[in-house]
Every structure is written in structure tokens, then in C-alpha cells.
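Student: Next up is a structure, given as C-alpha cells.
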Amino acid sequence: MRRTEMLQGIRTMKFEEIYDQARERRISQAEAASMLCISERTFRRWGCRFEAEGAEGLYDQRLGKLSHRRVPVDTVMEILTLFDTRYWDFTAKHFHEKLVDEHDYQLSYNWVRLTLQEHGRIRAAPRRGAHRRKRERRALPGMMLHQDASSHQWVKDQWWDLIVTMDDATSEIYSAFFIEEEGTMSSFMGVSQVIERKGLFCTLYADRGSHYWHTPQAGGKVDKDNPTQFGRALQQLGITLIAAYSPQARGRSERMFGTLQKRLPQELRLAGITTMDEANRFLKDQFLPQINEQFMARQGETGSAFVPFAGNLDDTLCIQEERVVNNDNTVRYKNRNLQIPADQHRLHYVKSRVRVHEYPNGTFAIFYGPRKLAAYDAVGMLIKNKEQQVA
């Protein structure tokens, strides 16, 4: 027996009992209606139907009839076929957006979700865990940014790292790109893209990865007095690096990665993208503008905490290592011999302490104090500038 039919029988028995008491004047009609949670008018109307037709007069005529708003079976089959053949790896929310935007189906999200669950296409989400208090967002964009990476099978049979730098105040993603493996250089690239686009920000929230922090004991406190190359670069820029000690502390960025993992691989598959270069172009030109428009939060106050930057960003966001110049005016760095060219201002730099800069694009440079002596390509060959060519 269906639940609606069972409730109909219970209502009928309850009405007969209360109606007898009202007819015998043991209770008033107002009290009877109150006991049945209906109005006095409805009680009198039900009483007339009960006197004329008996218990059948109380039967709800809507039972057993199909609603005129019921979605046709053909439409249900069309939607299930679409899901099975093209959108099988989409979430219910993402699938509903495609139905509305690309296939002109004007159906509610809740109907789509329940239909997919009823026909075994998706499972109901598990119950949430223990209650946690949500950390308030920063008041202004630029006050605190999150940077994190997610290793995932973004395209079929290929695992890449997605580096994301996003704002805490609005959840706007300022920088996102794929790379083979996250590290110091990818962190430099993310911060550089944000500063070039928006300006300097106040703080950066990141995990305790080895390229962010030195951690003397595994799982212990970070060593703030011994910065990594990335930490040194942020100090030079005046940006404070904050360590996160648990995934829950990075909840805002973790939830964003959950959204990206449920949407981005599906969009890449539909676009027929299989290479990292194509994926990065798609990410920058199409996906990020859409995801920011859809998921950005409204900021609490007007204004921005970003500050314009006019310095040399490339020579700050890079690896810097000190070396001593050899007797033949070369510097040994990562199995490369970097030859210092002849200098009209000095005969040689033998035994001098110089600084080697390694840039995210794979090139190098040698500095003596603030002065740049030479630049080199990825294999260590000298890149001659106009002054050197004239000499």
C-alpha cells in the first residue's frame, strides 16, 4: 500500500470518530475542526459528504491521477540518454546547467537530481560530518590569498598538477595553470601572474610543502627563521607567508578544488583537449572567466588591499644562489659552466662572490651586487645583449 493511501485511511477513521463526537454534541464543531487541523467550513463540508456518501465521500479524488505537471516519459528518457552518452561523469548540478544552457530544457535542478538518483545514475550525497564553525572571509580582496596544488587525472590517462592562486575575500581565482609537478618555480609563476594583474597583496596562505617552508620535524612546526627560496622572495616583496597545519584550515581552497575536479575534466573532455598546452589555453580563455562569474562571492566592503608594483619582479621571484667565480671567469651551477664575458669596467671577477638567478622559464643570469653581468639560456649558453654585440 502506498503511503498516501495509508494516510487517507487513517484520516477517514479519525474523522469518523471525531464527527460522531460532534454530532452527539460532546464537542463543538470548532473543537472538532481544531483536532483535525482544518477549518470549520471544511469540517462542515466533509460532514455533508460523509452523510451523503459515507466513507467514500472523504476519499481524495486526486489519488491515482497523474499530475498535469508531470514530466513526460519521453522527456525523461531523452535526459537519461543525454546523461549516459555525453555527460556520464558530470555532477547533477553541472548536468542541470548543461540541460538549461545548451539543450533548452526548463526543468528544476531538484527534479534532475532526484531523477538521476531514482534511475541509479548518481548516488545521494553522504551526510556531512561534525559541525565546524566557518571562518569569516577577509573584508577586502588582496588581504589574503590562497595558493595550493591538486594532482588529478585532468585528462584521460594523464596526471597533472593544477596550481591555483585565489582570493580569500571573494574566492576569485587570479591564476591557474597545469604543470607536470608543483614546486618552487610553479609557486613563483602563480604569484607573478597575480602581481602583474592585480598588484602586491598582504598575505599568502599555503600548506607546509617543502618549497614553501623548511620543517625540521615531519608534521611539526615550520622554521620561520630559515626561509626557502619562495619564502625569501615573499619577504623581499613584503608579503607575509602563513602556514596551514591541516586540510580543514585550507577549507576554502579545498572546496574550490572539489568544484574544479568535478567540472574541469568533463569540460576538457567535451572540448576534445588532450595536451597540457591546449588545456592551459582553455583554462585561461574560457573556463576561468565562467567559474569566477559563477562562484565568486560578494566582497564584504568596497575597495581593495592590492598595491601597485613597479619594481623588477622577475629578479625577485626566482631562485637565487651565491657562487664563487672560478679562475677562468666561469661559475658552476647545476652542471652548467656559466662563462662571464669580458667587462670594460673590470678586468676579471675571479674569486668574487656573485649571485646566480634561475628563472621559472629555465633561463639564468649572474649578478654582482645589484649589477647584472650576463644572461644565459636553458643550456647555459650566453645570451648576448646589444651592448655586448657592439663591444
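Chain labels follow the order of the C-alpha cells: the first chain is A, the next B, and so on; residue numbering restarts at 1 in every chain, and ligands are counted from 1 in their shown order.
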Using only C-alpha atoms, tabulate the residues of range 267-306 of chain A lying at most 12 Å from any atom of range 91-103 of chain A, each with its closest atom pair and that distance in Å to one decimal, by chain and increasing residue number, as a Markdown table.

Tutor:
```
| residue | atom | partner | partner_atom | distance |
| --- | --- | --- | --- | --- |
| A:Glu267 | CA | A:His94 | CA | 10.1 |
| A:Leu270 | CA | A:Lys98 | CA | 11.6 |
| A:Ile291 | CA | A:His94 | CA | 11.6 |
| A:Gln294 | CA | A:Glu97 | CA | 11.2 |
```

Student: Which residues are close to Gln286 in chain A, i.e. within 12 Å by only C-alpha atoms, leaving aside same-chain residues fewer than 6 positions away? Reply as a VMD selection string.

Tutor: chain A and resid 264 267 to 268 271 278 to 280 292 to 293

Student: Run DSSP on the backbone of this structure and report the residues of range 29-262 of chain A it assigns to strand (DSSP E), as a VMD selection string.

Tutor: chain A and resid 144 to 155 158 to 167 173 to 179 203 to 206 240 to 243

Student: Those same residues, written as a compact mmCIF listing (two decimals), in the first residue's frame with N, CA and C atoms?

Tutor:
```
# COMPACT_ATOMS: atom_id res chain seq x y z
N MET A 144 44.32 38.57 1.85
CA MET A 144 44.90 37.24 1.97
C MET A 144 44.56 36.40 0.75
N LEU A 145 45.57 35.75 0.19
CA LEU A 145 45.38 34.85 -0.94
C LEU A 145 45.73 33.43 -0.53
N HIS A 146 45.12 32.46 -1.20
CA HIS A 146 45.44 31.04 -1.01
C HIS A 146 46.18 30.54 -2.25
N GLN A 147 47.20 29.72 -2.02
CA GLN A 147 47.84 29.03 -3.14
C GLN A 147 47.97 27.56 -2.79
N ASP A 148 47.56 26.71 -3.70
CA ASP A 148 47.62 25.27 -3.47
C ASP A 148 47.66 24.56 -4.81
N ALA A 149 47.96 23.27 -4.77
CA ALA A 149 48.03 22.47 -5.99
C ALA A 149 47.18 21.21 -5.81
N SER A 150 46.66 20.71 -6.91
CA SER A 150 45.88 19.48 -6.91
C SER A 150 46.38 18.55 -7.99
N SER A 151 46.85 17.38 -7.60
CA SER A 151 47.27 16.37 -8.56
C SER A 151 46.07 15.50 -8.90
N HIS A 152 45.72 15.47 -10.19
CA HIS A 152 44.47 14.82 -10.59
C HIS A 152 44.59 14.37 -12.04
N GLN A 153 43.76 13.41 -12.42
CA GLN A 153 43.72 12.96 -13.81
C GLN A 153 42.78 13.91 -14.57
N TRP A 154 43.32 15.05 -14.94
CA TRP A 154 42.50 16.10 -15.56
C TRP A 154 42.08 15.72 -16.97
N VAL A 155 42.92 15.00 -17.70
CA VAL A 155 42.52 14.41 -18.97
C VAL A 155 42.82 12.92 -18.89
N GLN A 158 46.31 10.93 -18.01
CA GLN A 158 47.38 11.88 -17.76
C GLN A 158 47.14 12.59 -16.43
N TRP A 159 48.13 12.53 -15.55
CA TRP A 159 48.04 13.18 -14.24
C TRP A 159 48.90 14.44 -14.26
N TRP A 160 48.26 15.57 -14.03
CA TRP A 160 48.96 16.85 -13.96
C TRP A 160 48.67 17.51 -12.61
N ASP A 161 49.49 18.49 -12.28
CA ASP A 161 49.23 19.32 -11.10
C ASP A 161 48.60 20.63 -11.57
N LEU A 162 47.50 21.00 -10.91
CA LEU A 162 46.85 22.28 -11.18
C LEU A 162 47.22 23.24 -10.06
N ILE A 163 47.90 24.34 -10.39
CA ILE A 163 48.31 25.34 -9.41
C ILE A 163 47.29 26.47 -9.42
N VAL A 164 46.68 26.73 -8.27
CA VAL A 164 45.62 27.74 -8.18
C VAL A 164 46.00 28.77 -7.12
N THR A 165 45.88 30.04 -7.46
CA THR A 165 46.05 31.14 -6.52
C THR A 165 44.75 31.93 -6.51
N MET A 166 44.07 31.96 -5.37
CA MET A 166 42.74 32.56 -5.28
C MET A 166 42.64 33.50 -4.08
N ASP A 167 41.66 34.37 -4.11
CA ASP A 167 41.46 35.37 -3.07
C ASP A 167 40.55 34.82 -1.98
N ILE A 173 39.55 33.30 -8.60
CA ILE A 173 40.81 32.67 -8.99
C ILE A 173 41.57 33.64 -9.88
N TYR A 174 42.71 34.11 -9.40
CA TYR A 174 43.52 35.05 -10.17
C TYR A 174 44.48 34.32 -11.11
N SER A 175 44.94 33.15 -10.71
CA SER A 175 45.92 32.42 -11.52
C SER A 175 45.63 30.93 -11.39
N ALA A 176 45.67 30.23 -12.53
CA ALA A 176 45.50 28.77 -12.53
C ALA A 176 46.16 28.23 -13.80
N PHE A 177 46.97 27.21 -13.64
CA PHE A 177 47.63 26.61 -14.79
C PHE A 177 48.06 25.19 -14.45
N PHE A 178 48.19 24.38 -15.49
CA PHE A 178 48.65 23.00 -15.33
C PHE A 178 50.17 22.94 -15.45
N ILE A 179 50.76 22.01 -14.71
CA ILE A 179 52.20 21.79 -14.75
C ILE A 179 52.45 20.33 -14.40
N THR A 203 49.06 38.95 2.42
CA THR A 203 49.49 37.66 2.96
C THR A 203 49.15 36.54 1.99
N LEU A 204 49.89 35.45 2.10
CA LEU A 204 49.64 34.25 1.29
C LEU A 204 49.52 33.06 2.23
N TYR A 205 48.42 32.31 2.09
CA TYR A 205 48.14 31.15 2.93
C TYR A 205 48.45 29.89 2.12
N ALA A 206 49.33 29.04 2.63
CA ALA A 206 49.75 27.86 1.88
C ALA A 206 50.01 26.70 2.84
N THR A 240 53.56 38.47 3.63
CA THR A 240 53.67 37.53 4.75
C THR A 240 53.17 36.16 4.33
N LEU A 241 53.98 35.13 4.54
CA LEU A 241 53.59 33.75 4.23
C LEU A 241 53.06 33.09 5.50
N ILE A 242 51.86 32.51 5.42
CA ILE A 242 51.20 31.88 6.57
C ILE A 242 51.09 30.39 6.31
N ALA A 243 51.48 29.57 7.30
CA ALA A 243 51.46 28.11 7.16
C ALA A 243 50.12 27.56 7.63
```

Student: Per residue of range 36-142 of chain A within 12 Å of range 168-171 of chain A, record the nearest atom pair and its distance in Å to one decimal, counting only C-alpha atoms, with rows in chain order and ascending residue number, as a tab-separated table.

Tutor:
```
residue	atom	partner	partner_atom	distance
A:Arg135	CA	A:Asp168	CA	10.4
A:Glu136	CA	A:Ala169	CA	8.8
A:Arg137	CA	A:Ala169	CA	5.0
A:Arg138	CA	A:Ala169	CA	4.7
A:Ala139	CA	A:Ala169	CA	6.0
A:Leu140	CA	A:Ala169	CA	5.8
A:Pro141	CA	A:Ala169	CA	5.3
A:Gly142	CA	A:Ala169	CA	7.8
```

Student: Please produce an output containing C-alpha atoms for each residue in the selection, written as a tab-separated table (two decimals), in the first residue's frame.

Tutor:
```
chain	number	residue	atom	x	y	z
A	135	ARG	CA	35.98	31.10	9.20
A	136	GLU	CA	34.95	34.58	8.15
A	137	ARG	CA	36.30	35.85	4.85
A	138	ARG	CA	38.72	38.75	4.72
A	139	ALA	CA	36.97	42.08	4.22
A	140	LEU	CA	38.88	43.23	1.12
A	141	PRO	CA	40.40	41.49	-1.91
A	142	GLY	CA	44.18	41.34	-1.62
```

Student: Check the smallest atom-to-atom distance from each of A:Ala305, A:Val331, A:Ile319, A:Met296 to Ala233 in chain A using only C-alpha atoms, then report the winner.

Tutor: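 Of A:Ala305, A:Val331, A:Ile319, A:Met296, the one nearest Ala233 in chain A, counting only C-alpha atoms, is A:Ile319.
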
Student: Where in range 84-204 of chain A does DSSP assign helix (DSSP H, G or I), given as a PyMOL selection string?

Tutor: chain A and resi 84-85+92-103+109-118+184-197

Student: Check the smallest atom-to-atom distance from each of A:Val194, A:Met185, A:Leu317, A:Leu373 to Asp343 in chain A using only C-alpha atoms, then report the winner.

Tutor: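 Looking only at the distances to Asp343 in chain A, the closest residue turns out to be A:Leu373.
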
Student: I'd like the interatomic distance between CA of Glu301 in chain A and CA of Glu196 in chain A, to a tenth of an Å.

Tutor: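 These atoms are spaced 23.5 Å apart.
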
Student: Name the closest residue to Gly380 in chain A among the candidates A:Gln235, A:Asn337, A:Asn361, A:Asn312; distances are taken between atoms, counting only C-alpha atoms.

Tutor: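 The answer is A:Asn337, which sits nearest to Gly380 in chain A.
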
Student: Report as number ranges by chain all protein, DNA and RNA residues lying within 12 Å of range 123-128 of chain A, evaluated on only C-alpha atoms, omitting residues in the same chain fewer than 3 positions from it.

Tutor: A: 91-92, 113-120, 131-132

Student: May I have the selected residues written with C-alpha atoms, as a CSV table (one decimal), in the first residue's frame?

Tutor:
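Result file result_24.csv:
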```
chain,number,residue,atom,x,y,z
A,91,THR,CA,27.6,16.1,-11.2
A,92,ALA,CA,23.8,16.7,-11.1
A,113,ARG,CA,18.9,15.4,-9.2
A,114,LEU,CA,16.1,13.2,-7.9
A,115,THR,CA,15.5,11.6,-11.4
A,116,LEU,CA,19.2,10.7,-11.7
A,117,GLN,CA,19.1,9.2,-8.3
A,118,GLU,CA,15.9,7.3,-8.9
A,119,HIS,CA,17.3,5.7,-12.1
A,120,GLY,CA,20.6,4.8,-10.5
A,131,HIS,CA,29.7,20.8,12.7
A,132,ARG,CA,32.5,23.2,12.2
```

Student: Compare A:Gly231, A:Gly251, A:Pro308, A:Pro341 by their minimum atom-to-atom distance to Phe188 in chain A, counting only C-alpha atoms, and give me the closest one.

Tutor: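 Under the stated criterion, the closest residue is A:Gly231.
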
Student: Which neighbours of Lys351 in chain A fall inside 9 Å, counting only C-alpha atoms, when residues of the same chain fewer than 6 positions from it are skipped, and could you give them as a list in words?

Tutor: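 Counting only C-alpha atoms, the residues come to Val324, Val325, Asn326, Asn327 and Asn329 of chain A.
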
Student: Could you write out that same residue set with N, CA and C atoms as a CSV table (one decimal), in the first residue's frame?

Tutor:
```
chain,number,residue,atom,x,y,z
A,324,VAL,N,81.1,31.3,-6.1
A,324,VAL,CA,82.4,32.0,-6.2
A,324,VAL,C,82.9,31.8,-7.6
A,325,VAL,N,83.4,32.8,-8.2
A,325,VAL,CA,83.9,32.7,-9.6
A,325,VAL,C,85.2,32.0,-9.7
A,326,ASN,N,85.2,31.0,-10.7
A,326,ASN,CA,86.5,30.2,-10.8
A,326,ASN,C,87.6,31.1,-11.5
A,327,ASN,N,88.8,30.4,-11.6
A,327,ASN,CA,89.9,31.1,-12.2
A,327,ASN,C,89.7,31.5,-13.7
A,329,ASN,N,87.0,32.6,-14.9
A,329,ASN,CA,85.8,33.5,-15.0
A,329,ASN,C,84.5,32.8,-15.4
```

Student: Which is closest to Arg208 in chain A among A:Arg250, A:Arg371, A:Arg232, A:Arg69, if we use only C-alpha atoms?

Tutor: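 Among the listed residues, the smallest separation from Arg208 in chain A belongs to A:Arg250.
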
Student: Separation of CA of Gln217 in chain A and CA of Leu234 in chain A, in Å?

Tutor: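 Distance between the two atoms: 23.3 Å.
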